[in-house]
file run_7.txt (compact mmCIF, C-alpha atoms)
# COMPACT_ATOMS: atom_id res chain seq x y z
CA MET A 428 19.71 -26.97 3.47
CA ALA A 429 23.20 -25.61 2.88
CA GLU A 430 25.11 -24.49 5.95
CA ASN A 431 26.60 -21.35 4.43
CA THR A 432 24.00 -18.67 5.13
CA ARG A 433 26.05 -15.63 4.18
CA ARG A 434 24.52 -13.61 1.36
CA GLU A 435 26.60 -13.55 -1.78
CA GLY A 436 27.48 -9.99 -2.55
CA SER A 437 26.26 -8.92 0.89
CA LEU A 438 27.25 -5.31 0.26
CA GLU A 439 25.04 -5.14 -2.82
CA ALA A 440 21.47 -3.87 -2.77
CA PRO A 441 18.72 -6.46 -3.30
CA THR A 442 17.81 -6.96 -6.95
CA ARG A 443 14.46 -7.94 -8.40
CA HIS A 444 13.72 -10.30 -11.27
CA VAL A 445 10.84 -9.63 -13.64
CA ILE A 446 7.64 -11.59 -13.04
CA ASP A 447 7.42 -13.99 -15.99
CA TRP A 448 3.65 -14.37 -15.75
CA ARG A 449 3.16 -14.95 -19.47
CA SER A 450 5.21 -18.14 -19.35
CA PRO A 451 3.14 -21.36 -19.29
CA ASP A 452 5.39 -22.64 -16.49
CA PHE A 453 4.27 -19.76 -14.29
CA TYR A 454 0.86 -21.42 -13.95
CA ASN A 455 2.15 -25.00 -13.77
CA ALA A 456 1.03 -26.33 -10.38
CA ASP A 457 3.80 -28.94 -10.10
CA SER A 458 6.46 -26.32 -10.80
CA LEU A 459 4.84 -23.93 -8.33
CA PHE A 460 4.72 -26.49 -5.54
CA ALA A 461 8.35 -27.48 -6.12
CA GLU A 462 9.38 -23.85 -5.70
CA LEU A 463 7.12 -23.39 -2.67
CA GLU A 464 8.76 -26.38 -0.98
CA ARG A 465 12.24 -25.07 -1.80
CA VAL A 466 11.55 -21.60 -0.39
CA TYR A 467 9.58 -22.89 2.59
CA ASP A 468 12.59 -25.03 3.50
CA ILE A 469 14.86 -21.98 3.44
CA CYS A 470 12.41 -19.94 5.50
CA HIS A 471 12.10 -22.81 7.98
CA GLY A 472 15.86 -22.79 8.54
CA CYS A 473 15.97 -19.03 9.08
CA ARG A 474 12.71 -17.86 10.73
CA ARG A 475 13.74 -14.20 10.83
CA CYS A 476 10.37 -13.07 9.43
CA PHE A 477 8.16 -14.72 12.05
CA SER A 478 6.94 -11.35 13.37
CA LEU A 479 6.09 -9.66 10.06
CA CYS A 480 2.76 -11.23 9.13
CA HIS A 481 0.75 -14.41 9.67
CA SER A 482 2.18 -16.25 6.65
CA PHE A 483 5.34 -17.16 8.49
CA PRO A 484 3.80 -18.36 11.80
CA THR A 485 1.37 -20.40 9.69
CA LEU A 486 4.26 -21.98 7.77
CA PHE A 487 6.31 -22.71 10.86
CA ASP A 488 3.35 -24.21 12.74
CA LEU A 489 2.62 -26.50 9.79
CA ILE A 490 6.22 -27.68 9.70
CA ASP A 491 6.50 -28.11 13.46
CA ALA A 492 3.33 -30.21 13.50
CA THR A 493 4.88 -32.88 11.24
CA ALA A 494 6.63 -35.92 12.72
CA SER A 495 9.88 -35.05 10.94
CA GLY A 496 9.73 -31.29 11.43
CA GLU A 497 10.50 -30.80 7.74
CA PRO A 498 8.60 -28.87 5.03
CA ALA A 499 8.58 -31.90 2.73
CA ASP A 500 6.15 -33.65 5.08
CA VAL A 501 3.63 -30.81 5.21
CA ASN A 502 0.38 -31.64 3.40
CA LYS A 503 0.71 -29.84 0.08
CA ALA A 504 -2.92 -28.66 0.31
CA ASP A 505 -1.86 -26.68 3.39
CA TYR A 506 0.70 -24.74 1.37
CA TRP A 507 -2.20 -22.52 0.27
CA LYS A 508 -2.75 -21.37 3.86
CA VAL A 509 0.61 -19.62 3.74
CA VAL A 510 -0.25 -18.00 0.41
CA ASP A 511 -3.63 -16.79 1.68
CA HIS A 512 -2.08 -14.96 4.64
CA CYS A 513 0.36 -12.97 2.46
CA TYR A 514 -0.93 -9.50 1.61
CA LEU A 515 2.10 -8.59 -0.53
CA CYS A 516 3.49 -5.88 1.74
CA ASP A 517 7.01 -6.72 0.45
CA LEU A 518 8.68 -6.08 3.79
CA CYS A 519 10.17 -9.56 4.12
CA TYR A 520 12.01 -8.97 0.84
CA MET A 521 13.05 -5.41 1.60
CA THR A 522 13.87 -5.52 5.30
CA LYS A 523 14.42 -9.05 6.61
CA CYS A 524 15.42 -11.75 4.16
CA PRO A 525 19.18 -12.39 3.81
CA TYR A 526 18.66 -14.67 0.81
CA VAL A 527 17.19 -12.32 -1.77
CA PRO A 528 19.06 -11.88 -5.07
CA PRO A 529 22.00 -11.56 -5.64
CA HIS A 530 22.24 -14.45 -3.13
CA HIS A 531 22.31 -17.71 -5.09
CA TRP A 532 19.28 -19.05 -3.17
CA ASN A 533 17.27 -16.39 -5.01
CA VAL A 534 14.39 -16.06 -2.53
CA ASP A 535 11.58 -13.66 -3.44
CA PHE A 536 8.87 -14.68 -1.02
CA PRO A 537 6.23 -12.04 -1.92
CA HIS A 538 6.47 -12.67 -5.64
CA LEU A 539 6.31 -16.41 -5.05
CA MET A 540 3.14 -15.75 -3.05
CA LEU A 541 1.86 -13.66 -5.96
CA ARG A 542 2.51 -16.58 -8.28
CA GLY A 543 0.58 -18.81 -5.90
CA LYS A 544 -2.31 -16.35 -5.89
CA ALA A 545 -2.28 -16.22 -9.69
CA VAL A 546 -2.40 -20.02 -9.96
CA LYS A 547 -5.19 -20.19 -7.40
CA PHE A 548 -7.09 -17.47 -9.28
CA LYS A 549 -6.92 -19.60 -12.43
CA GLN A 550 -7.90 -22.83 -10.68
CA ASN A 551 -10.58 -21.50 -8.31
CA PRO A 552 -12.42 -18.29 -9.26
CA PRO A 553 -12.61 -15.90 -6.30
CA SER A 554 -15.77 -15.45 -4.26
CA LEU A 555 -18.27 -12.72 -5.02
CA ARG A 556 -17.07 -10.92 -1.89
CA ASP A 557 -13.48 -10.84 -3.06
CA LYS A 558 -14.46 -9.76 -6.57
CA VAL A 559 -16.56 -6.89 -5.22
CA LEU A 560 -14.06 -5.72 -2.59
CA THR A 561 -11.29 -5.50 -5.20
CA SER A 562 -13.44 -3.82 -7.87
CA THR A 563 -12.79 -0.31 -6.62
CA ASP A 564 -13.74 1.44 -9.86
CA LEU A 565 -17.18 -0.19 -9.80
CA LEU A 566 -17.66 0.67 -6.13
CA GLY A 567 -16.66 4.24 -6.87
CA LYS A 568 -19.19 4.59 -9.67
CA LEU A 569 -21.96 3.27 -7.45
CA ALA A 570 -20.88 5.52 -4.59
CA GLY A 571 -21.03 8.50 -6.94
CA ILE A 572 -24.82 8.17 -6.86
CA PRO A 573 -25.83 10.14 -3.73
CA VAL A 574 -28.66 7.84 -2.63
CA VAL A 575 -26.37 4.82 -3.00
CA SER A 576 -23.48 6.35 -1.03
CA GLN A 577 -25.87 7.44 1.74
CA THR A 578 -27.34 3.94 1.92
CA VAL A 579 -23.93 2.27 2.01
CA ASN A 580 -22.73 4.61 4.75
CA THR A 581 -25.86 3.90 6.79
CA VAL A 582 -25.43 0.14 6.42
CA ASN A 583 -21.76 0.37 7.41
CA ARG A 584 -22.71 2.01 10.71
CA ASN A 585 -25.61 -0.28 11.61
CA PRO A 586 -24.53 -3.14 13.94
CA ALA A 587 -27.44 -5.40 13.01
CA LEU A 588 -26.87 -4.97 9.28
CA ARG A 589 -23.13 -5.40 9.72
CA LYS A 590 -23.76 -8.72 11.48
CA LEU A 591 -25.88 -9.75 8.53
CA MET A 592 -23.05 -8.74 6.16
CA GLN A 593 -20.67 -10.91 8.14
CA ASN A 594 -22.94 -13.94 7.91
CA VAL A 595 -23.84 -13.47 4.24
CA ILE A 596 -20.72 -12.16 2.50
CA GLY A 597 -17.90 -12.59 5.04
CA VAL A 598 -17.07 -8.98 5.96
CA HIS A 599 -16.37 -8.90 9.69
CA ALA A 600 -19.00 -7.01 11.68
CA GLU A 601 -16.40 -5.16 13.78
CA ALA A 602 -14.08 -4.15 10.96
CA GLU A 603 -14.06 -0.45 10.19
CA LEU A 604 -15.36 0.28 6.68
CA PRO A 605 -14.71 3.62 4.99
CA ASP A 606 -17.52 6.04 4.29
CA PHE A 607 -18.12 7.22 0.75
CA ALA A 608 -17.80 10.98 0.46
CA PRO A 609 -20.88 12.97 -0.61
CA ARG A 610 -18.74 14.59 -3.33
CA THR A 611 -15.83 12.89 -5.05
CA LEU A 612 -12.41 14.45 -5.53
CA ARG A 613 -13.19 15.07 -9.18
CA GLN A 614 -16.42 16.84 -8.25
CA ARG A 615 -14.56 18.94 -5.68
CA GLN A 616 -11.57 19.74 -7.89
CA GLY A 617 -13.28 19.58 -11.27
CA LYS A 618 -13.07 23.31 -11.92
CA HIS A 619 -9.60 23.64 -10.43
CA ARG A 620 -6.98 25.19 -12.67
CA PRO A 621 -3.23 24.94 -12.04
CA LEU A 622 -1.37 28.00 -10.80
CA ALA A 623 -0.34 30.24 -13.66
CA VAL A 624 3.30 30.34 -12.58
CA GLN A 625 6.56 29.27 -14.15
CA ALA A 626 7.51 25.84 -12.81
CA GLN A 627 10.82 25.82 -10.95
CA THR A 628 12.68 22.69 -11.97
CA THR A 629 15.40 20.89 -10.03
CA GLU A 630 17.68 18.02 -10.88
CA GLU A 631 15.05 15.54 -9.64
CA THR A 632 11.71 17.34 -10.00
CA ARG A 633 10.07 19.36 -12.75
CA GLY A 634 8.10 21.57 -10.41
CA LYS A 635 4.56 20.84 -11.60
CA VAL A 636 2.48 17.87 -10.55
CA ALA A 637 -0.35 15.75 -11.90
CA LEU A 638 -2.38 14.26 -9.05
CA PHE A 639 -3.38 10.61 -9.41
CA GLY A 640 -6.26 10.81 -6.97
CA THR A 641 -6.55 7.01 -6.36
CA CYS A 642 -9.82 5.13 -5.87
CA TYR A 643 -9.78 5.69 -2.12
CA GLY A 644 -8.69 9.31 -2.32
CA GLY A 645 -11.22 9.99 -5.04
CA ASN A 646 -14.28 8.34 -3.52
CA ASN A 647 -13.73 7.97 0.22
CA GLU A 648 -11.41 10.73 1.41
CA PRO A 649 -11.19 13.44 -1.25
CA GLN A 650 -9.75 15.71 1.44
CA LEU A 651 -6.41 14.01 0.73
CA GLY A 652 -6.39 15.48 -2.75
CA ASP A 653 -7.56 18.86 -1.47
CA ASP A 654 -4.65 18.88 0.98
CA ILE A 655 -2.12 18.04 -1.72
CA VAL A 656 -3.40 20.85 -3.93
CA ALA A 657 -3.28 23.37 -1.05
CA ILE A 658 0.19 22.35 0.16
CA PHE A 659 1.81 22.10 -3.24
CA GLU A 660 0.36 25.35 -4.53
CA HIS A 661 1.41 27.05 -1.28
CA ASN A 662 4.89 26.03 -2.36
CA GLY A 663 4.49 27.36 -5.88
CA ILE A 664 3.95 23.95 -7.47
CA PRO A 665 1.11 23.88 -10.02
CA VAL A 666 -1.21 20.86 -9.62
CA THR A 667 -3.61 19.33 -12.12
CA LEU A 668 -5.88 16.33 -11.58
CA ALA A 669 -5.06 13.39 -13.85
CA PRO A 670 -8.24 12.79 -15.90
CA ASP A 671 -10.17 9.55 -16.38
CA THR A 672 -7.76 7.25 -14.56
CA ARG A 673 -8.71 3.87 -13.13
CA CYS A 674 -7.57 1.76 -10.19
CA CYS A 675 -3.80 1.27 -9.97
CA GLY A 676 -4.37 -2.51 -9.79
CA MET A 677 -3.11 -3.21 -6.29
CA PRO A 678 -6.45 -4.72 -5.08
CA LYS A 679 -6.42 -7.14 -8.02
CA LEU A 680 -2.82 -8.04 -7.21
CA GLU A 681 -4.18 -9.44 -3.93
CA LEU A 682 -6.22 -11.89 -6.00
CA GLY A 683 -3.49 -12.73 -8.50
CA ASP A 684 -5.71 -11.37 -11.28
CA LEU A 685 -2.93 -10.29 -13.61
CA GLU A 686 -5.11 -10.05 -16.72
CA THR A 687 -7.30 -7.38 -15.12
CA ILE A 688 -4.19 -5.56 -13.95
CA GLU A 689 -3.04 -5.42 -17.57
CA LYS A 690 -6.33 -3.83 -18.63
CA LEU A 691 -6.09 -1.22 -15.87
CA LYS A 692 -2.48 -0.57 -16.78
CA ASN A 693 -3.31 0.02 -20.44
CA THR A 694 -5.91 2.65 -19.56
CA ASN A 695 -3.80 4.44 -16.97
CA MET A 696 -0.57 4.48 -18.94
CA ALA A 697 -2.16 6.12 -21.96
CA ILE A 698 -3.16 9.01 -19.68
CA LEU A 699 -0.25 9.22 -17.25
CA ALA A 700 2.52 8.78 -19.82
CA GLY A 701 0.93 11.60 -21.81
CA LEU A 702 1.08 13.85 -18.76
CA VAL A 703 4.74 12.97 -18.25
CA ASP A 704 5.44 13.86 -21.88
CA GLU A 705 3.80 17.23 -21.21
CA GLY A 706 6.26 17.89 -18.39
CA TRP A 707 4.27 16.83 -15.33
CA ASP A 708 5.54 14.78 -12.41
CA ILE A 709 2.96 12.51 -10.76
CA VAL A 710 2.03 12.13 -7.10
CA ALA A 711 -0.59 9.97 -5.38
CA PRO A 712 -1.77 10.21 -1.76
CA VAL A 713 -1.95 6.45 -1.06
CA PRO A 714 1.42 4.63 -0.70
CA SER A 715 0.11 1.35 -2.13
CA CYS A 716 -0.72 3.08 -5.41
CA VAL A 717 2.68 4.73 -5.61
CA PHE A 718 4.33 1.38 -4.85
CA MET A 719 2.27 -0.31 -7.56
CA PHE A 720 3.39 2.19 -10.21
CA LYS A 721 7.01 2.44 -9.08
CA SER A 722 7.76 -1.18 -8.18
CA GLU A 723 5.22 -3.81 -9.22
CA LEU A 724 4.06 -2.73 -12.68
CA PRO A 725 7.63 -2.39 -14.03
CA LEU A 726 8.29 -6.00 -12.98
CA ILE A 727 5.01 -7.29 -14.41
CA PHE A 728 5.34 -5.36 -17.69
CA PRO A 729 9.09 -4.83 -18.15
CA GLU A 730 8.74 -4.44 -21.91
CA ASP A 731 6.32 -1.48 -21.71
CA PRO A 732 8.13 1.88 -22.20
CA GLN A 733 5.15 3.82 -20.83
CA VAL A 734 5.31 1.87 -17.57
CA LYS A 735 8.99 2.76 -17.21
CA LYS A 736 8.31 6.39 -18.02
CA VAL A 737 5.54 6.70 -15.43
CA ALA A 738 7.52 4.81 -12.78
CA ALA A 739 10.37 7.30 -13.14
CA ALA A 740 7.99 10.24 -12.74
CA MET A 741 5.91 8.85 -9.83
CA PHE A 742 6.44 10.22 -6.30
CA ASP A 743 5.10 9.93 -2.81
CA PRO A 744 3.93 13.45 -1.81
CA PHE A 745 6.40 13.81 1.05
CA GLU A 746 9.21 12.38 -1.06
CA TYR A 747 8.50 15.13 -3.56
CA LEU A 748 8.32 17.85 -0.94
CA TRP A 749 11.60 16.72 0.61
CA LEU A 750 13.32 16.84 -2.79
CA ARG A 751 12.05 20.40 -3.15
CA HIS A 752 13.36 21.21 0.33
CA LYS A 753 16.81 19.84 -0.59
CA ALA A 754 16.79 22.23 -3.54
CA GLY A 755 15.88 25.16 -1.28
CA LEU A 756 12.39 25.52 -2.76
CA LEU A 757 10.15 24.38 0.10
CA ARG A 758 8.56 27.08 2.20
CA THR A 759 9.31 26.76 5.92
CA ASP A 760 7.22 29.70 7.13
CA PHE A 761 5.16 27.45 9.38
CA LYS A 762 2.61 29.16 11.60
CA ASN A 763 1.86 26.30 14.00
CA SER A 764 3.70 23.73 16.08
CA LEU A 765 2.52 20.14 15.91
CA GLY A 766 3.99 19.07 19.25
CA THR A 767 4.59 15.36 19.52
CA VAL A 768 3.50 13.28 16.52
CA SER A 769 3.43 9.48 16.43
CA HIS A 770 3.99 8.58 12.80
CA HIS A 771 3.23 5.18 11.32
CA PRO A 772 4.92 4.65 7.94
CA PRO A 773 2.85 1.93 6.21
CA CYS A 774 4.41 -1.14 4.66
CA HIS A 775 4.10 0.00 1.04
CA LEU A 776 5.82 3.26 1.92
CA ARG A 777 8.70 1.52 3.68
CA SER A 778 9.06 -0.89 0.77
CA GLN A 779 9.77 2.01 -1.60
CA ASN A 780 13.21 2.47 -0.01
CA ILE A 781 13.01 6.26 -0.04
CA GLY A 782 13.56 6.76 3.69
CA ASN A 783 11.08 8.41 6.02
CA LYS A 784 10.47 11.65 4.20
CA THR A 785 7.15 12.20 5.98
CA ARG A 786 8.97 12.39 9.30
CA ASP A 787 11.61 14.68 7.82
CA VAL A 788 9.12 17.15 6.38
CA LEU A 789 6.85 17.26 9.45
CA ALA A 790 9.89 17.77 11.68
CA LEU A 791 10.57 21.06 9.88
CA ALA A 792 7.61 22.58 11.74
CA PRO A 793 8.66 24.45 14.90
CA ASP A 794 8.62 22.63 18.24
CA THR A 795 7.62 19.38 16.56
CA LYS A 796 8.94 15.97 17.51
CA VAL A 797 8.07 12.99 15.29
CA GLN A 798 8.17 9.52 16.83
CA VAL A 799 8.20 6.72 14.23
CA ILE A 800 6.48 3.34 14.72
CA GLU A 801 7.75 0.89 12.11
CA ARG A 802 5.29 -1.95 12.58
CA CYS A 803 2.38 -3.19 10.50
CA ALA A 804 -0.96 -1.68 11.53
CA GLY A 805 -2.82 -4.76 10.33
CA HIS A 806 -5.25 -3.34 7.77
CA ASN A 807 -3.46 -4.70 4.70
CA GLY A 808 -5.94 -4.09 1.91
CA THR A 809 -8.99 -6.33 2.18
CA TYR A 810 -7.22 -8.71 4.57
CA GLY A 811 -8.16 -6.69 7.64
CA ILE A 812 -11.90 -6.66 6.99
CA LYS A 813 -12.50 -10.29 6.01
CA THR A 814 -14.20 -12.49 8.59
CA GLU A 815 -11.49 -15.15 8.44
CA SER A 816 -8.58 -12.74 8.93
CA TYR A 817 -9.93 -9.77 10.92
CA GLU A 818 -8.89 -11.11 14.34
CA ILE A 819 -5.43 -11.98 13.03
CA SER A 820 -5.06 -8.53 11.52
CA MET A 821 -5.94 -6.93 14.86
CA LYS A 822 -3.28 -9.05 16.55
CA ILE A 823 -0.74 -7.93 13.95
CA GLY A 824 -1.58 -4.27 14.60
CA ARG A 825 -1.70 -4.48 18.40
CA PRO A 826 1.94 -3.36 18.97
CA VAL A 827 1.19 -0.17 17.02
CA PHE A 828 -1.99 0.50 18.98
CA GLU A 829 -0.22 -0.01 22.30
CA GLN A 830 2.74 2.20 21.41
CA ILE A 831 0.46 5.06 20.45
CA LYS A 832 -1.67 4.74 23.58
CA LYS A 833 1.47 4.71 25.72
CA ALA A 834 2.96 7.75 23.95
CA ALA A 835 -0.28 9.78 24.18
CA PRO A 836 0.93 12.13 21.42
CA ALA A 837 -0.69 15.38 20.38
CA HIS A 838 -1.29 13.76 16.98
CA TYR A 839 -0.90 10.33 15.43
CA ALA A 840 -0.92 9.65 11.72
CA SER A 841 -0.28 7.12 8.99
CA ASP A 842 0.42 7.86 5.32
CA CYS A 843 -2.06 5.10 4.52
CA PRO A 844 -5.48 6.50 5.48
CA MET A 845 -6.90 3.00 5.90
CA ALA A 846 -4.08 2.09 8.28
CA GLY A 847 -4.80 5.29 10.18
CA HIS A 848 -8.42 4.26 10.66
CA ARG A 849 -7.30 0.79 11.75
CA ILE A 850 -5.04 2.35 14.39
CA GLN A 851 -7.89 4.53 15.61
CA HIS A 852 -10.14 1.47 15.71
CA GLY A 853 -7.50 -0.48 17.63
CA CYS A 854 -6.80 2.25 20.19
CA GLN A 855 -10.48 2.38 21.24
CA ASP A 856 -9.88 5.39 23.48
CA GLY A 857 -11.80 8.11 21.67
CA SER A 858 -8.71 9.45 19.92
CA HIS A 859 -8.65 10.17 16.19
CA ALA A 860 -6.08 9.40 13.53
CA GLU A 861 -5.03 12.19 11.19
CA HIS A 862 -3.24 12.11 7.88
CA PRO A 863 0.27 13.60 7.60
CA LEU A 864 -0.95 15.83 4.77
CA ALA A 865 -3.57 17.31 7.09
CA LEU A 866 -0.90 17.83 9.76
CA LEU A 867 1.42 19.59 7.32
CA ARG A 868 -1.42 21.83 6.21
CA LEU A 869 -2.13 22.59 9.87
CA ALA A 870 1.51 23.49 10.43
CA TYR A 871 1.40 25.85 7.45
CA GLY A 872 -1.88 27.35 8.67
CA ILE A 873 -3.46 27.14 5.23

call {"tool": "encode", "arguments": {"input": "run_7.txt", "output": "structure tokens"}}
result
Amino acid sequence: MAENTRREGSLEAPTRHVIDWRSPDFYNADSLFAELERVYDICHGCRRCFSLCHSFPTLFDLIDATASGEPADVNKADYWKVVDHCYLCDLCYMTKCPYVPPHHWNVDFPHLMLRGKAVKFKQNPPSLRDKVLTSTDLLGKLAGIPVVSQTVNTVNRNPALRKLMQNVIGVHAEAELPDFAPRTLRQRQGKHRPLAVQAQTTEETRGKVALFGTCYGGNNEPQLGDDIVAIFEHNGIPVTLAPDTRCCGMPKLELGDLETIEKLKNTNMAILAGLVDEGWDIVAPVPSCVFMFKSELPLIFPEDPQVKKVAAAMFDPFEYLWLRHKAGLLRTDFKNSLGTVSHHPPCHLRSQNIGNKTRDVLALAPDTKVQVIERCAGHNGTYGIKTESYEISMKIGRPVFEQIKKAAPAHYASDCPMAGHRIQHGCQDGSHAEHPLALLRLAYGI
């Protein structure tokens, strides 16, 4: 490996290349393994990312176990172990790696892992478990049937049945599984009509918002959407619910199933781009969905003008509120203090490079101090509930659990509701995670 480790253009921001997944070479196993060996060699010589996830300790242990201590002598079949432990959080690219473009070594570890997942998806169809866990639209339709959702919720809470699930389908018996709500977001907000007010535009926002409810927010925690509607309308921002949307595609990205992502994209873009043309901005309550629309889809479908249009109009809720505050349009007539808040910004929020706007907005409340914990909570999509990775995911999240227990805050919250539940599960002290949207609504007293 070359000795000069200084990034070329070190004062420049990292750049991203498009994902050329339609090229036949993308799925060529020999080409993939040559690139894996090249990047693994660079990572081996650096090792800055050892604490981010289990991909890097797995890689380094494999290398260290060889007689030569070199990546070239690692059994190529073991390369897949590194790929399997990557959950595409993107933090190595955005926060750690000194060799990302424009450096001439051109290292994009997460997108190389995505390529590996796509090749593996083509060569070895995923298990029934993985297909089901990533088919969030199907799960949502089933959960919309009251007797089905009640049955699923009962099974999820039954230790004996959970042990059976672990043995049969590989979902860890101790992993927290989300309940399905008795009424979906669309059922709760179906008759909602936007405020009949003139939208106040700014340089960066158009002052009226279409809510992409997300699979999780729609079927598991519709309160997230309720909170957005209440908070935004309290601030004079009309909100409408985006109709007939499907999964953003992030769960299928975990599998490398790019063809299904294209189908989901085609459905969503026809709806969301139309809303943008009508003058709506778009927000979503789950950071992974926002990240998918803003960052991943434009790199997977760079030729699609609708994808670009939607990416430019997509916002994290607190990003949007902070932009309104900068323009002097956010109400600060808070009725309640929040005290001390431990805030966990999830990986897909940090990877958006927008700064910690959740902290900034919550800190506007009187007598409120926000303590930020920038570590992975360990949930990571389906990774944290699978039998083979649950224990590892808990180890990854342990520093977050311990920091929150030590701080003993009045509230603790994560913008990712699933990460919040993982933190609550990891603390095991009877405390309860809250969502920042719920905390902001509490501060407003609405």

call {"tool": "closest_residue", "arguments": {"input": "run_7.txt", "among": "A:Ile831, A:Leu515, A:Ala637, A:Ala865", "to": "A:Ser482", "atoms": "all atoms listed in the file"}}
result
A:Leu515

call {"tool": "closest_residue", "arguments": {"input": "run_7.txt", "among": "A:Thr795, A:Asn662, A:Asn693, A:Gln650", "to": "A:Gly634", "atoms": "only C-alpha atoms"}}
result
A:Asn662

call {"tool": "atom_distance", "arguments": {"input": "run_7.txt", "atom1": "atom CA of A:Leu726", "atom2": "atom CA of A:Cys674"}}
result
17.9 Å

call {"tool": "closest_residue", "arguments": {"input": "run_7.txt", "among": "A:Pro552, A:Gly857, A:Pro678, A:Gly543", "to": "A:Phe460", "atoms": "all atoms listed in the file"}}
result
A:Gly543

call {"tool": "residues_around", "arguments": {"input": "run_7.txt", "residues": "A:His771", "least_positions_apart": "4", "cutoff": "9 Å", "atoms": "all atoms listed in the file", "output": "list in words"}}
result
Gln798, Val799, Ile800, Glu801, Arg802, Cys803, Ala804, Val827, Tyr839, Ala840, Ser841, Asp842, Cys843, Ala846 and Gly847 of chain A

call {"tool": "residues_around", "arguments": {"input": "run_7.txt", "residues": "stretch 520-526 of chain A", "least_positions_apart": "6", "cutoff": "7 Å", "atoms": "all atoms listed in the file", "output": "list in words"}}
result
Arg434, Arg475, Cys476, Trp532, Asn533, Val534, Asp535, Phe536 and Ser778 of chain A

call {"tool": "closest_atom_pairs", "arguments": {"input": "run_7.txt", "of": "stretch 525-598 of chain A", "to": "stretch 810-826 of chain A", "cutoff": "9 Å", "atoms": "all atoms listed in the file", "output": "CSV"}}
result
residue,atom,partner,partner_atom,distance
A:Gln593,CA,A:Thr814,CA,6.7
A:Asn594,CA,A:Thr814,CA,8.9
A:Ile596,CA,A:Thr814,CA,8.9
A:Gly597,CA,A:Thr814,CA,5.1
A:Val598,CA,A:Lys813,CA,4.8

call {"tool": "write_last_selection", "arguments": {"input": "run_7.txt", "atoms": "C-alpha atoms", "output": "compact mmCIF listing (two decimals), in the coordinates of the input"}}
result
# COMPACT_ATOMS: atom_id res chain seq x y z
CA GLN A 593 -20.67 -10.91 8.14
CA ASN A 594 -22.94 -13.94 7.91
CA ILE A 596 -20.72 -12.16 2.50
CA GLY A 597 -17.90 -12.59 5.04
CA VAL A 598 -17.07 -8.98 5.96

call {"tool": "closest_residue", "arguments": {"input": "run_7.txt", "among": "A:Leu869, A:Leu864, A:Ala657, A:Ala700", "to": "A:Lys762", "atoms": "only C-alpha atoms"}}
result
A:Leu869

call {"tool": "atom_distance", "arguments": {"input": "run_7.txt", "atom1": "atom CA of A:Glu723", "atom2": "atom CA of A:Ser769"}}
result
28.9 Å

call {"tool": "build_atoms", "arguments": {"input": "run_7.txt", "residues": "stretch 774-785 of chain A", "atoms": "N, CA and C atoms", "output": "PDB file, keeping the file's coordinate frame"}}
result
ATOM      1  N   CYS A 774       3.500  -0.185   5.289  1.00  0.00           N
ATOM      2  CA  CYS A 774       4.410  -1.140   4.660  1.00  0.00           C
ATOM      3  C   CYS A 774       4.778  -0.726   3.234  1.00  0.00           C
ATOM      4  N   HIS A 775       3.808  -0.314   2.434  1.00  0.00           N
ATOM      5  CA  HIS A 775       4.100   0.000   1.040  1.00  0.00           C
ATOM      6  C   HIS A 775       4.831   1.323   0.877  1.00  0.00           C
ATOM      7  N   LEU A 776       4.938   2.099   1.944  1.00  0.00           N
ATOM      8  CA  LEU A 776       5.820   3.260   1.920  1.00  0.00           C
ATOM      9  C   LEU A 776       7.242   2.840   2.272  1.00  0.00           C
ATOM     10  N   ARG A 777       7.376   2.010   3.296  1.00  0.00           N
ATOM     11  CA  ARG A 777       8.700   1.520   3.680  1.00  0.00           C
ATOM     12  C   ARG A 777       9.349   0.707   2.568  1.00  0.00           C
ATOM     13  N   SER A 778       8.524  -0.033   1.825  1.00  0.00           N
ATOM     14  CA  SER A 778       9.060  -0.890   0.770  1.00  0.00           C
ATOM     15  C   SER A 778       9.568  -0.102  -0.437  1.00  0.00           C
ATOM     16  N   GLN A 779       9.277   1.200  -0.493  1.00  0.00           N
ATOM     17  CA  GLN A 779       9.770   2.010  -1.600  1.00  0.00           C
ATOM     18  C   GLN A 779      11.238   2.398  -1.448  1.00  0.00           C
ATOM     19  N   ASN A 780      11.793   2.173  -0.250  1.00  0.00           N
ATOM     20  CA  ASN A 780      13.210   2.470  -0.010  1.00  0.00           C
ATOM     21  C   ASN A 780      13.578   3.922  -0.300  1.00  0.00           C
ATOM     22  N   ILE A 781      12.718   4.832   0.148  1.00  0.00           N
ATOM     23  CA  ILE A 781      13.010   6.260  -0.040  1.00  0.00           C
ATOM     24  C   ILE A 781      13.343   6.937   1.286  1.00  0.00           C
ATOM     25  N   GLY A 782      13.352   6.158   2.382  1.00  0.00           N
ATOM     26  CA  GLY A 782      13.560   6.760   3.690  1.00  0.00           C
ATOM     27  C   GLY A 782      12.272   7.380   4.203  1.00  0.00           C
ATOM     28  N   ASN A 783      12.305   7.856   5.431  1.00  0.00           N
ATOM     29  CA  ASN A 783      11.080   8.410   6.020  1.00  0.00           C
ATOM     30  C   ASN A 783      11.004   9.908   5.774  1.00  0.00           C
ATOM     31  N   LYS A 784      10.559  10.246   4.581  1.00  0.00           N
ATOM     32  CA  LYS A 784      10.470  11.650   4.200  1.00  0.00           C
ATOM     33  C   LYS A 784       9.288  12.357   4.874  1.00  0.00           C
ATOM     34  N   THR A 785       8.260  11.599   5.246  1.00  0.00           N
ATOM     35  CA  THR A 785       7.150  12.200   5.980  1.00  0.00           C
ATOM     36  C   THR A 785       7.633  12.747   7.310  1.00  0.00           C
TER      37      THR A 785
END
